[in-house]
file input_39.cif (mmCIF, C-alpha atoms and all ligand atoms)
data_upload
loop_
_atom_site.group_PDB
_atom_site.id
_atom_site.type_symbol
_atom_site.label_atom_id
_atom_site.label_comp_id
_atom_site.auth_asym_id
_atom_site.auth_seq_id
_atom_site.Cartn_x
_atom_site.Cartn_y
_atom_site.Cartn_z
ATOM 1 C CA MET A 29 86.869 109.939 120.980
ATOM 2 C CA LYS A 30 90.197 109.939 122.740
ATOM 3 C CA LYS A 31 92.717 107.962 120.721
ATOM 4 C CA ALA A 32 93.127 107.564 116.969
ATOM 5 C CA ALA A 33 95.395 105.726 114.551
ATOM 6 C CA VAL A 34 95.771 106.435 110.835
ATOM 7 C CA PHE A 35 97.127 103.518 108.781
ATOM 8 C CA TYR A 36 98.384 104.433 105.342
ATOM 9 C CA PHE A 37 100.298 103.276 102.344
ATOM 10 C CA SER A 38 102.181 105.857 100.326
ATOM 11 C CA GLY A 39 104.260 105.258 97.199
ATOM 12 C CA THR A 40 105.912 108.666 96.901
ATOM 13 C CA GLY A 41 104.916 110.668 99.980
ATOM 14 C CA ASN A 42 101.519 112.233 99.204
ATOM 15 C CA SER A 43 99.453 109.857 101.335
ATOM 16 C CA TRP A 44 102.146 110.062 104.036
ATOM 17 C CA TRP A 45 101.766 113.874 104.096
ATOM 18 C CA VAL A 46 97.965 113.707 104.247
ATOM 19 C CA SER A 47 98.073 111.062 107.001
ATOM 20 C CA GLU A 48 100.533 113.046 109.122
ATOM 21 C CA THR A 49 98.514 116.244 108.583
ATOM 22 C CA LEU A 50 95.289 114.443 109.555
ATOM 23 C CA ALA A 51 96.938 113.036 112.688
ATOM 24 C CA GLY A 52 98.290 116.511 113.529
ATOM 25 C CA ALA A 53 94.825 118.076 113.087
ATOM 26 C CA LEU A 54 93.261 115.405 115.331
ATOM 27 C CA ASN A 55 95.893 116.086 117.998
ATOM 28 C CA GLU A 56 95.044 119.804 117.838
ATOM 29 C CA LYS A 57 91.437 118.858 118.589
ATOM 30 C CA GLY A 58 92.482 116.905 121.679
ATOM 31 C CA ILE A 59 92.412 113.402 120.156
ATOM 32 C CA SER A 60 95.731 111.646 120.613
ATOM 33 C CA ALA A 61 96.540 110.452 117.087
ATOM 34 C CA SER A 62 99.454 108.779 115.305
ATOM 35 C CA ALA A 63 99.985 107.821 111.668
ATOM 36 C CA TYR A 64 101.484 104.428 110.752
ATOM 37 C CA SER A 65 102.989 103.356 107.438
ATOM 38 C CA ILE A 66 101.615 99.856 106.838
ATOM 39 C CA GLU A 67 105.041 98.843 105.541
ATOM 40 C CA LYS A 68 106.529 99.271 109.009
ATOM 41 C CA ILE A 69 104.088 97.253 111.083
ATOM 42 C CA THR A 70 102.889 93.668 111.190
ATOM 43 C CA PHE A 71 99.200 92.713 111.002
ATOM 44 C CA LEU A 72 99.415 91.730 114.678
ATOM 45 C CA GLU A 73 100.787 95.149 115.646
ATOM 46 C CA ALA A 74 98.035 96.815 113.618
ATOM 47 C CA ASP A 75 95.375 94.725 115.388
ATOM 48 C CA ARG A 76 96.819 95.703 118.770
ATOM 49 C CA ILE A 77 96.898 99.421 117.908
ATOM 50 C CA ILE A 78 93.348 99.246 116.542
ATOM 51 C CA ASN A 79 92.153 97.643 119.778
ATOM 52 C CA GLU A 80 93.630 100.526 121.776
ATOM 53 C CA CYS A 81 91.937 103.239 119.661
ATOM 54 C CA ASP A 82 88.370 104.417 119.329
ATOM 55 C CA LEU A 83 88.878 106.124 115.964
ATOM 56 C CA ILE A 84 90.615 104.450 113.010
ATOM 57 C CA GLY A 85 91.694 105.964 109.689
ATOM 58 C CA PHE A 86 92.840 104.241 106.509
ATOM 59 C CA GLY A 87 94.461 106.005 103.556
ATOM 60 C CA TYR A 88 96.120 105.201 100.247
ATOM 61 C CA PRO A 89 96.784 106.666 96.794
ATOM 62 C CA THR A 90 94.161 105.916 94.176
ATOM 63 C CA HIS A 91 95.546 103.859 91.304
ATOM 64 C CA GLY A 92 93.075 103.841 88.427
ATOM 65 C CA SER A 93 90.213 104.228 90.982
ATOM 66 C CA ASP A 94 91.499 101.094 92.692
ATOM 67 C CA LEU A 95 93.647 100.597 95.767
ATOM 68 C CA PRO A 96 97.237 99.338 95.668
ATOM 69 C CA PHE A 97 97.621 95.586 96.223
ATOM 70 C CA ILE A 98 99.560 96.066 99.462
ATOM 71 C CA VAL A 99 96.538 97.897 100.918
ATOM 72 C CA LYS A 100 94.140 95.170 99.793
ATOM 73 C CA LYS A 101 96.341 92.594 101.539
ATOM 74 C CA PHE A 102 96.566 94.732 104.688
ATOM 75 C CA PHE A 103 92.778 95.154 104.873
ATOM 76 C CA GLN A 104 92.135 91.467 104.243
ATOM 77 C CA ASN A 105 94.537 90.429 107.021
ATOM 78 C CA LEU A 106 93.154 92.698 109.742
ATOM 79 C CA SER A 107 91.111 91.003 112.442
ATOM 80 C CA ALA A 108 87.444 91.860 112.827
ATOM 81 C CA VAL A 109 86.648 94.591 115.355
ATOM 82 C CA LYS A 110 83.611 95.593 117.366
ATOM 83 C CA ASN A 111 82.004 98.425 115.458
ATOM 84 C CA LYS A 112 84.967 100.885 115.368
ATOM 85 C CA LYS A 113 84.375 104.437 114.174
ATOM 86 C CA THR A 114 86.390 104.668 110.989
ATOM 87 C CA PHE A 115 87.351 107.102 108.265
ATOM 88 C CA ILE A 116 88.855 106.220 104.934
ATOM 89 C CA PHE A 117 90.500 108.413 102.326
ATOM 90 C CA CYS A 118 92.414 108.283 99.111
ATOM 91 C CA THR A 119 94.819 110.785 97.660
ATOM 92 C CA GLN A 120 94.480 111.586 94.001
ATOM 93 C CA TRP A 121 95.836 113.940 91.401
ATOM 94 C CA LEU A 122 92.635 114.666 89.507
ATOM 95 C CA TRP A 123 89.754 112.300 89.976
ATOM 96 C CA SER A 124 88.843 108.792 91.124
ATOM 97 C CA GLY A 125 85.047 108.698 91.330
ATOM 98 C CA ASP A 126 84.767 106.339 94.307
ATOM 99 C CA GLY A 127 88.446 105.911 95.236
ATOM 100 C CA ALA A 128 87.749 105.900 98.992
ATOM 101 C CA ARG A 129 84.631 103.726 98.780
ATOM 102 C CA VAL A 130 86.432 100.909 97.014
ATOM 103 C CA GLY A 131 88.549 100.388 100.165
ATOM 104 C CA GLU A 132 85.363 99.466 102.009
ATOM 105 C CA GLU A 133 84.979 96.381 99.800
ATOM 106 C CA TYR A 134 88.187 94.929 101.243
ATOM 107 C CA LEU A 135 87.176 95.669 104.840
ATOM 108 C CA LYS A 136 83.853 93.881 104.477
ATOM 109 C CA GLY A 137 82.837 91.698 107.389
ATOM 110 C CA LYS A 138 85.338 93.309 109.800
ATOM 111 C CA ASN A 139 82.831 95.706 111.377
ATOM 112 C CA PHE A 140 84.739 98.900 110.697
ATOM 113 C CA ASN A 141 81.981 101.473 110.780
ATOM 114 C CA ILE A 142 82.990 103.783 107.931
ATOM 115 C CA LEU A 143 81.305 107.051 108.828
ATOM 116 C CA TRP A 144 83.604 109.413 106.951
ATOM 117 C CA ALA A 145 85.288 109.207 103.554
ATOM 118 C CA GLU A 146 87.187 111.797 101.547
ATOM 119 C CA HIS A 147 89.307 112.235 98.424
ATOM 120 C CA PHE A 148 92.266 114.576 98.853
ATOM 121 C CA HIS A 149 93.834 116.295 95.870
ATOM 122 C CA MET A 150 97.601 116.037 95.773
ATOM 123 C CA PRO A 151 100.238 116.512 93.066
ATOM 124 C CA SER A 152 100.521 113.833 90.403
ATOM 125 C CA ASN A 153 103.326 111.317 90.893
ATOM 126 C CA VAL A 154 102.862 109.802 87.433
ATOM 127 C CA CYS A 155 106.270 110.775 86.072
ATOM 128 C CA VAL A 156 107.345 107.817 83.900
ATOM 129 C CA SER A 157 108.485 108.713 80.400
ATOM 130 C CA VAL A 158 105.604 106.969 78.634
ATOM 131 C CA THR A 159 103.113 109.306 80.349
ATOM 132 C CA TRP A 160 104.645 112.395 78.690
ATOM 133 C CA PHE A 161 101.080 113.652 78.030
ATOM 134 C CA LEU A 162 100.277 113.809 81.782
ATOM 135 C CA PRO A 163 101.779 116.780 83.642
ATOM 136 C CA TYR A 164 103.552 116.549 86.992
ATOM 137 C CA THR A 165 105.834 118.943 88.817
ATOM 138 C CA ASN A 166 108.533 119.082 91.459
ATOM 139 C CA ASP A 167 108.198 122.844 91.779
ATOM 140 C CA LYS A 168 107.690 123.227 95.521
ATOM 141 C CA LYS A 169 105.979 126.633 95.116
ATOM 142 C CA ARG A 170 103.333 125.150 92.844
ATOM 143 C CA ILE A 171 103.005 122.083 95.037
ATOM 144 C CA SER A 172 102.597 124.191 98.173
ATOM 145 C CA LYS A 173 99.509 125.863 96.634
ATOM 146 C CA THR A 174 97.922 122.415 96.344
ATOM 147 C CA LEU A 175 98.987 121.569 99.886
ATOM 148 C CA VAL A 176 97.361 124.739 101.268
ATOM 149 C CA LYS A 177 94.031 123.786 99.643
ATOM 150 C CA THR A 178 94.301 120.172 100.777
ATOM 151 C CA GLU A 179 95.154 121.224 104.320
ATOM 152 C CA LYS A 180 91.933 123.277 104.414
ATOM 153 C CA ARG A 181 89.997 120.260 103.220
ATOM 154 C CA ILE A 182 91.673 118.099 105.861
ATOM 155 C CA LYS A 183 90.625 120.562 108.583
ATOM 156 C CA GLY A 184 87.027 120.516 107.275
ATOM 157 C CA PHE A 185 87.090 116.735 107.254
ATOM 158 C CA ILE A 186 88.363 116.615 110.841
ATOM 159 C CA ASP A 187 85.577 119.003 111.903
ATOM 160 C CA LYS A 188 83.017 116.584 110.483
ATOM 161 C CA ILE A 189 84.631 113.753 112.429
ATOM 162 C CA ILE A 190 84.771 115.751 115.667
ATOM 163 C CA ASN A 191 81.137 116.793 115.247
ATOM 164 C CA GLU A 192 80.241 113.180 114.377
ATOM 165 C CA ARG A 193 78.598 114.323 111.151
ATOM 166 C CA THR A 194 78.617 111.392 108.707
ATOM 167 C CA TYR A 195 80.177 112.344 105.381
ATOM 168 C CA ARG A 196 81.130 109.780 102.746
ATOM 169 C CA ARG A 197 82.416 111.233 99.491
ATOM 170 C CA GLY A 198 82.239 108.851 96.557
ATOM 171 C CA PHE A 199 79.811 106.401 98.184
ATOM 172 C CA ASN A 200 76.841 107.200 95.937
ATOM 173 C CA LYS A 201 75.815 105.158 92.897
ATOM 174 C CA VAL A 202 76.950 107.724 90.303
ATOM 175 C CA SER A 203 80.486 107.963 91.776
ATOM 176 C CA ARG A 204 80.619 104.187 91.967
ATOM 177 C CA PHE A 205 79.616 103.845 88.331
ATOM 178 C CA LEU A 206 82.109 106.511 87.196
ATOM 179 C CA GLY A 207 84.920 104.992 89.312
ATOM 180 C CA GLY A 208 84.134 101.622 87.747
ATOM 181 C CA LEU A 209 84.625 103.072 84.266
ATOM 182 C CA GLN A 210 88.258 103.609 85.162
ATOM 183 C CA ARG A 211 88.750 100.676 87.564
ATOM 184 C CA VAL A 212 87.498 97.912 85.281
ATOM 185 C CA PRO A 213 90.018 98.581 82.465
ATOM 186 C CA PHE A 214 92.746 99.328 85.025
ATOM 187 C CA ARG A 215 92.234 95.900 86.649
ATOM 188 C CA TYR A 216 92.052 94.254 83.235
ATOM 189 C CA PHE A 217 95.413 95.686 82.116
ATOM 190 C CA PHE A 218 97.078 95.562 85.547
ATOM 191 C CA GLU A 219 99.080 92.353 84.970
ATOM 192 C CA ARG A 220 100.466 93.822 81.773
ATOM 193 C CA LEU A 221 101.231 97.209 83.381
ATOM 194 C CA ARG A 222 102.914 95.790 86.494
ATOM 195 C CA ASN A 223 105.428 93.768 84.501
ATOM 196 C CA ASP A 224 106.965 96.721 82.723
ATOM 197 C CA ILE A 225 109.373 97.956 85.425
ATOM 198 C CA TYR A 226 113.003 97.132 84.690
ATOM 199 C CA PHE A 227 116.402 98.862 84.643
ATOM 200 C CA GLU A 228 118.959 100.305 82.264
ATOM 201 C CA LYS A 229 122.125 98.359 83.021
ATOM 202 C CA SER A 230 124.486 100.978 81.595
ATOM 203 C CA LEU A 231 123.131 103.587 84.030
ATOM 204 C CA CYS A 232 122.738 101.358 87.116
ATOM 205 C CA ILE A 233 125.345 101.714 89.909
ATOM 206 C CA GLN A 234 123.977 98.652 91.785
ATOM 207 C CA CYS A 235 123.399 100.562 95.010
ATOM 208 C CA GLY A 236 120.340 98.403 95.708
ATOM 209 C CA GLU A 237 118.097 101.317 96.745
ATOM 210 C CA CYS A 238 115.318 100.292 94.358
ATOM 211 C CA ALA A 239 115.160 96.782 95.859
ATOM 212 C CA ARG A 240 115.429 98.047 99.436
ATOM 213 C CA LEU A 241 112.662 100.627 99.030
ATOM 214 C CA CYS A 242 110.268 98.417 97.031
ATOM 215 C CA PRO A 243 107.116 97.862 99.145
ATOM 216 C CA SER A 244 106.218 94.625 97.357
ATOM 217 C CA LYS A 245 109.690 92.995 97.195
ATOM 218 C CA ASN A 246 109.415 92.968 93.429
ATOM 219 C CA LEU A 247 113.075 93.790 92.814
ATOM 220 C CA GLU A 248 116.142 91.708 93.628
ATOM 221 C CA PHE A 249 119.777 91.970 92.540
ATOM 222 C CA HIS A 250 121.470 88.811 91.314
ATOM 223 C CA GLY A 251 125.050 89.944 90.814
ATOM 224 C CA THR A 252 124.792 92.837 88.376
ATOM 225 C CA GLU A 253 121.346 91.795 87.124
ATOM 226 C CA LEU A 254 118.115 93.198 88.484
ATOM 227 C CA LYS A 255 115.408 90.534 88.630
ATOM 228 C CA THR A 256 111.724 91.321 88.881
ATOM 229 C CA LYS A 257 109.317 88.921 90.561
ATOM 230 C CA GLY A 258 106.055 90.110 89.038
ATOM 231 C CA THR A 259 104.779 91.631 92.290
ATOM 232 C CA CYS A 260 105.045 95.322 91.305
ATOM 233 C CA ILE A 261 102.176 97.466 92.620
ATOM 234 C CA LEU A 262 102.960 100.432 90.349
ATOM 235 C CA CYS A 263 103.705 102.797 93.220
ATOM 236 C CA ILE A 264 106.524 104.518 91.239
ATOM 237 C CA ARG A 265 108.843 104.659 94.273
ATOM 238 C CA CYS A 266 111.787 102.811 92.698
ATOM 239 C CA TYR A 267 111.514 104.939 89.568
ATOM 240 C CA ALA A 268 111.241 108.200 91.496
ATOM 241 C CA PHE A 269 113.987 107.584 94.030
ATOM 242 C CA CYS A 270 116.663 105.763 92.024
ATOM 243 C CA PRO A 271 119.671 108.079 92.581
ATOM 244 C CA VAL A 272 120.766 107.768 88.934
ATOM 245 C CA SER A 273 117.340 107.364 87.248
ATOM 246 C CA ALA A 274 118.259 103.898 85.981
ATOM 247 C CA ILE A 275 114.802 102.370 86.474
ATOM 248 C CA THR A 276 112.873 102.047 83.231
ATOM 249 C CA TYR A 277 109.173 101.759 82.526
ATOM 250 C CA MET A 278 108.155 100.132 79.232
ATOM 251 C CA ASN A 279 111.880 100.024 78.413
ATOM 252 C CA LYS A 280 112.210 103.785 78.732
ATOM 253 C CA PRO A 281 114.449 105.393 81.357
ATOM 254 C CA HIS A 282 113.387 108.738 82.788
ATOM 255 C CA ASN A 283 113.318 111.592 80.310
ATOM 256 C CA PRO A 284 115.325 114.421 81.955
ATOM 257 C CA GLU A 285 113.445 116.945 79.799
ATOM 258 C CA ARG A 286 110.474 116.332 82.095
ATOM 259 C CA GLY A 287 112.590 117.429 85.095
ATOM 260 C CA GLU A 288 113.416 115.101 87.972
ATOM 261 C CA PRO A 289 110.966 112.281 88.713
ATOM 262 C CA TYR A 290 108.385 113.191 91.372
ATOM 263 C CA LYS A 291 110.140 113.375 94.771
ATOM 264 C CA GLY A 292 107.248 113.852 97.173
ATOM 265 C CA PRO A 293 105.176 116.836 98.305
ATOM 266 C CA VAL A 294 107.709 118.562 100.596
ATOM 267 C CA ALA A 295 111.494 118.980 100.400
ATOM 268 C CA GLU A 296 112.045 117.166 103.704
ATOM 269 C CA PHE A 297 110.230 114.025 102.540
ATOM 270 C CA SER A 298 112.304 110.868 102.324
ATOM 271 C CA PRO A 299 111.072 107.381 101.391
ATOM 272 C CA GLU A 300 112.894 106.241 104.555
ATOM 273 C CA PHE A 301 109.884 107.604 106.472
ATOM 274 C CA LEU A 302 107.796 104.857 104.907
ATOM 275 C CA VAL A 303 110.078 101.879 105.343
ATOM 276 C CA THR A 304 112.546 102.356 108.218
ATOM 277 C CA LYS A 305 111.231 101.127 111.551
ATOM 278 C CA ASN A 306 112.793 103.736 113.822
ATOM 279 C CA GLN A 307 111.546 106.725 111.784
HETATM 280 C C1 LIG B 401 99.539 103.641 88.796
HETATM 281 C C2 LIG B 401 98.925 104.956 89.199
HETATM 282 C C3 LIG B 401 97.595 105.219 88.930
HETATM 283 C C4 LIG B 401 97.041 106.452 89.297
HETATM 284 N N1 LIG B 401 95.714 106.674 89.030
HETATM 285 C C5 LIG B 401 95.167 107.852 89.367
HETATM 286 C C6 LIG B 401 93.790 108.096 89.117
HETATM 287 O O1 LIG B 401 93.063 107.227 88.652
HETATM 288 N N2 LIG B 401 93.280 109.325 89.421
HETATM 289 C C7 LIG B 401 94.045 110.316 89.970
HETATM 290 O O2 LIG B 401 93.524 111.399 90.208
HETATM 291 N N3 LIG B 401 95.359 110.099 90.268
HETATM 292 C C8 LIG B 401 95.926 108.903 89.970
HETATM 293 N N4 LIG B 401 97.257 108.672 90.254
HETATM 294 C C9 LIG B 401 98.010 109.695 90.974
HETATM 295 C C10 LIG B 401 98.165 109.353 92.446
HETATM 296 O O3 LIG B 401 97.010 108.731 92.953
HETATM 297 C C11 LIG B 401 98.445 110.593 93.310
HETATM 298 O O4 LIG B 401 99.505 111.341 92.823
HETATM 299 C C12 LIG B 401 98.680 110.155 94.759
HETATM 300 O O5 LIG B 401 98.518 111.266 95.604
HETATM 301 C C13 LIG B 401 100.062 109.546 95.001
HETATM 302 O O6 LIG B 401 100.163 109.240 96.374
HETATM 303 P P1 LIG B 401 101.462 108.627 97.058
HETATM 304 O O7 LIG B 401 102.585 109.626 96.861
HETATM 305 O O8 LIG B 401 101.084 108.499 98.492
HETATM 306 O O9 LIG B 401 101.746 107.327 96.405
HETATM 307 C C14 LIG B 401 97.829 107.444 89.931
HETATM 308 C C15 LIG B 401 99.183 107.159 90.210
HETATM 309 C C16 LIG B 401 99.723 105.938 89.851
HETATM 310 C C17 LIG B 401 101.182 105.682 90.180
#

call {"tool": "encode", "arguments": {"input": "input_39.cif", "output": "structure tokens"}}
result
Amino acid sequence: MKKAAVFYFSGTGNSWWVSETLAGALNEKGISASAYSIEKITFLEADRIINECDLIGFGYPTHGSDLPFIVKKFFQNLSAVKNKKTFIFCTQWLWSGDGARVGEEYLKGKNFNILWAEHFHMPSNVCVSVTWFLPYTNDKKRISKTLVKTEKRIKGFIDKIINERTYRRGFNKVSRFLGGLQRVPFRYFFERLRNDIYFEKSLCIQCGECARLCPSKNLEFHGTELKTKGTCILCIRCYAFCPVSAITYMNKPHNPERGEPYKGPVAEFSPEFLVTKNQ
């Protein structure tokens, strides 16, 4: 294998970090690899890059053991290939069962030969006020401990790829069943959950960042009003990166007692990395 591309979606930076670290580790092993945010490329560009590579990676955050809608759409719009060696991964805080396997369902019929699959533990980005019972942190010292462990796992994963040793975490029947226990209710309640993002007008400074950064074009300003179009994918980016924490979830703005909303795994992370073409 000589050339690789890792295509990822990331709401708040975790999957970006894993994708860049994977690409870096592949480069160290002599495979020329780049990571691409799927928000910055067209389906045609992705097809072209895939054609030029002999190893393809796909990554995304697990959302209730499912994959974000934007990733489903990306997979469904890719052209079929001729038996490409492929790895797939999800990032997760705690557990997803078969979070990586479920991506395979949306690549069906495209001949991506998924030989490797992994789940990478990353910090939780679930920081909305209504999830007060779920812990998250912005403490970079604590986060860096997780990153050290995940980096080791990434290196082990790359070794399996280099040695062409098939390894597919979460592809067995038990993981699939357990993932389903979370995915089925998540899908059932998704329409209800995705329509709960809004804003607190008295806090909003109308800078438009939330709308600009939204990966699913769910948010739009009409004068001083923020309109939602029902296309939210629950990635948390608008909530996490609003400069004045004016985005609400279930009518609740961010609770400052929980600390700042989750801002990504490393201090240098910026959501611009995910959306701005020349980054
Ligand atoms: C809507 C939603 C659902 C999530 N569901 C799970 C889950 O089922 N299991 C888990 O371990 N983490 C879950 N998480 C946490 C994220 O998957 C995890 O923090 C991920 O690394 C975030 O990646 P990103 O920064 O690239 O978006 C969820 C996060 C969100 C926003």

call {"tool": "resolve_selection", "arguments": {"input": "input_39.cif", "expression": "the PyMOL selection byres (((chain A and resi 206) around 12) and not hetatm)", "output": "list in words"}}
result
Gly92, Ser93, Trp123, Ser124, Gly125, Asp126, Gly127, Gly198, Phe199, Asn200, Lys201, Val202, Ser203, Arg204, Phe205, Gly207, Gly208, Leu209, Gln210, Arg211 and Val212 of chain A

call {"tool": "atom_distance", "arguments": {"input": "input_39.cif", "atom1": "atom CA of A:Thr256", "atom2": "atom CA of A:Tyr226"}}
result
7.3 Å

call {"tool": "residues_around", "arguments": {"input": "input_39.cif", "residues": "stretch 83-90 of chain A", "least_positions_apart": "6", "cutoff": "9 Å", "atoms": "all atoms listed in the file", "output": "ChimeraX atom specification"}}
result
/A:29-39,42-44,46-47,61,63,96,99,112-121,123-124,127-128,131,140,263

call {"tool": "resolve_selection", "arguments": {"input": "input_39.cif", "expression": "the PyMOL selection byres (((chain A and resi 166-182) around 8) and not hetatm)", "output": "VMD selection string"}}
result
chain A and resid 46 49 to 50 53 148 to 151 164 to 165 183 to 186 287 to 295

call {"tool": "residues_near_point", "arguments": {"input": "input_39.cif", "point": "(113.9, 100.4, 95.5)", "cutoff": "9 Å", "atoms": "only C-alpha atoms", "output": "VMD selection string"}}
result
chain A and resid 236 to 243 245 to 247 265 to 267 269 to 270

call {"tool": "resolve_selection", "arguments": {"input": "input_39.cif", "expression": "the PyMOL selection byres (((chain A and resi 281) around 12) and not hetatm)", "output": "PyMOL selection string"}}
result
chain A and resi 155-158+224-232+266-268+270+272-280+282-286+288-289

call {"tool": "axis_aligned_box", "arguments": {"input": "input_39.cif", "around": "ligand LIG 401 (chain B)", "padding_each_side": "3 Å", "output": "lines of an AutoDock Vina configuration file"}}
result
center_x = 97.8
center_y = 107.5
center_z = 93.6
size_x = 15.5
size_y = 13.8
size_z = 15.8

call {"tool": "residues_around", "arguments": {"input": "input_39.cif", "residues": "A:Lys68", "least_positions_apart": "6", "cutoff": "9 Å", "atoms": "all atoms listed in the file", "output": "PyMOL selection string"}}
result
chain A and resi 302-305

call {"tool": "closest_residue", "arguments": {"input": "input_39.cif", "among": "A:Asn111, A:Ser152, A:Thr194, A:Ser298", "to": "ligand LIG 401 (chain B)", "atoms": "all atoms listed in the file"}}
result
A:Ser152

call {"tool": "closest_residue", "arguments": {"input": "input_39.cif", "among": "A:Arg196, A:Lys255, A:Lys110, A:Arg222", "to": "ligand LIG 401 (chain B)", "atoms": "only C-alpha atoms and all ligand atoms"}}
result
A:Arg222

call {"tool": "closest_residue", "arguments": {"input": "input_39.cif", "among": "A:Ile98, A:Cys235, A:Leu254, A:Ala108", "to": "ligand LIG 401 (chain B)", "atoms": "all atoms listed in the file"}}
result
A:Ile98

call {"tool": "atom_distance", "arguments": {"input": "input_39.cif", "atom1": "atom CA of A:Gly41", "atom2": "atom CA of A:Ile190"}}
result
26.0 Å

call {"tool": "atom_distance", "arguments": {"input": "input_39.cif", "atom1": "atom CA of A:Glu132", "atom2": "atom CA of A:Glu219"}}
result
23.0 Å

call {"tool": "closest_residue", "arguments": {"input": "input_39.cif", "among": "A:Asp75, A:Glu192, A:Glu80, A:Glu253", "to": "A:Lys138", "atoms": "all atoms listed in the file"}}
result
A:Asp75

call {"tool": "closest_residue", "arguments": {"input": "input_39.cif", "among": "A:Tyr216, A:Tyr195, A:Phe103, A:Tyr64", "to": "A:Leu143", "atoms": "only C-alpha atoms"}}
result
A:Tyr195

call {"tool": "closest_residue", "arguments": {"input": "input_39.cif", "among": "A:Asn153, A:Thr259, A:Ser60, A:Asn139", "to": "ligand LIG 401 (chain B)", "atoms": "all atoms listed in the file"}}
result
A:Asn153

call {"tool": "build_atoms", "arguments": {"input": "input_39.cif", "residues": "stretch 174-179 of chain A", "atoms": "all heavy atoms", "output": "PDB file, in the frame of the given file"}}
result
ATOM      1  N   THR A 174      98.816 123.581  96.212  1.00  0.00           N
ATOM      2  CA  THR A 174      97.922 122.415  96.344  1.00  0.00           C
ATOM      3  C   THR A 174      97.836 121.999  97.807  1.00  0.00           C
ATOM      4  O   THR A 174      96.750 121.689  98.316  1.00  0.00           O
ATOM      5  CB  THR A 174      98.472 121.228  95.505  1.00  0.00           C
ATOM      6  OG1 THR A 174      98.657 121.674  94.178  1.00  0.00           O
ATOM      7  CG2 THR A 174      97.534 120.034  95.526  1.00  0.00           C
ATOM      8  N   LEU A 175      98.984 122.017  98.488  1.00  0.00           N
ATOM      9  CA  LEU A 175      98.987 121.569  99.886  1.00  0.00           C
ATOM     10  C   LEU A 175      98.133 122.487 100.769  1.00  0.00           C
ATOM     11  O   LEU A 175      97.454 122.012 101.683  1.00  0.00           O
ATOM     12  CB  LEU A 175     100.421 121.491 100.438  1.00  0.00           C
ATOM     13  CG  LEU A 175     101.383 120.518  99.738  1.00  0.00           C
ATOM     14  CD1 LEU A 175     102.696 120.390 100.512  1.00  0.00           C
ATOM     15  CD2 LEU A 175     100.772 119.137  99.550  1.00  0.00           C
ATOM     16  N   VAL A 176      98.167 123.792 100.471  1.00  0.00           N
ATOM     17  CA  VAL A 176      97.361 124.739 101.268  1.00  0.00           C
ATOM     18  C   VAL A 176      95.877 124.385 101.127  1.00  0.00           C
ATOM     19  O   VAL A 176      95.140 124.302 102.116  1.00  0.00           O
ATOM     20  CB  VAL A 176      97.641 126.201 100.816  1.00  0.00           C
ATOM     21  CG1 VAL A 176      96.612 127.160 101.407  1.00  0.00           C
ATOM     22  CG2 VAL A 176      99.046 126.623 101.229  1.00  0.00           C
ATOM     23  N   LYS A 177      95.452 124.126  99.883  1.00  0.00           N
ATOM     24  CA  LYS A 177      94.031 123.786  99.643  1.00  0.00           C
ATOM     25  C   LYS A 177      93.683 122.466 100.331  1.00  0.00           C
ATOM     26  O   LYS A 177      92.629 122.306 100.935  1.00  0.00           O
ATOM     27  CB  LYS A 177      93.767 123.637  98.142  1.00  0.00           C
ATOM     28  CG  LYS A 177      93.641 124.966  97.434  1.00  0.00           C
ATOM     29  CD  LYS A 177      93.167 124.723  96.001  1.00  0.00           C
ATOM     30  CE  LYS A 177      93.486 125.943  95.158  1.00  0.00           C
ATOM     31  NZ  LYS A 177      93.711 125.642  93.767  1.00  0.00           N
ATOM     32  N   THR A 178      94.584 121.497 100.195  1.00  0.00           N
ATOM     33  CA  THR A 178      94.301 120.172 100.777  1.00  0.00           C
ATOM     34  C   THR A 178      94.277 120.250 102.299  1.00  0.00           C
ATOM     35  O   THR A 178      93.460 119.591 102.950  1.00  0.00           O
ATOM     36  CB  THR A 178      95.326 119.142 100.255  1.00  0.00           C
ATOM     37  OG1 THR A 178      95.167 119.056  98.841  1.00  0.00           O
ATOM     38  CG2 THR A 178      95.117 117.763 100.856  1.00  0.00           C
ATOM     39  N   GLU A 179      95.144 121.088 102.850  1.00  0.00           N
ATOM     40  CA  GLU A 179      95.154 121.224 104.320  1.00  0.00           C
ATOM     41  C   GLU A 179      93.806 121.773 104.812  1.00  0.00           C
ATOM     42  O   GLU A 179      93.275 121.320 105.825  1.00  0.00           O
ATOM     43  CB  GLU A 179      96.301 122.130 104.752  1.00  0.00           C
ATOM     44  CG  GLU A 179      96.576 122.007 106.234  1.00  0.00           C
ATOM     45  CD  GLU A 179      97.908 122.617 106.653  1.00  0.00           C
ATOM     46  OE1 GLU A 179      98.656 123.115 105.789  1.00  0.00           O
ATOM     47  OE2 GLU A 179      98.167 122.592 107.862  1.00  0.00           O
TER      48      GLU A 179
END
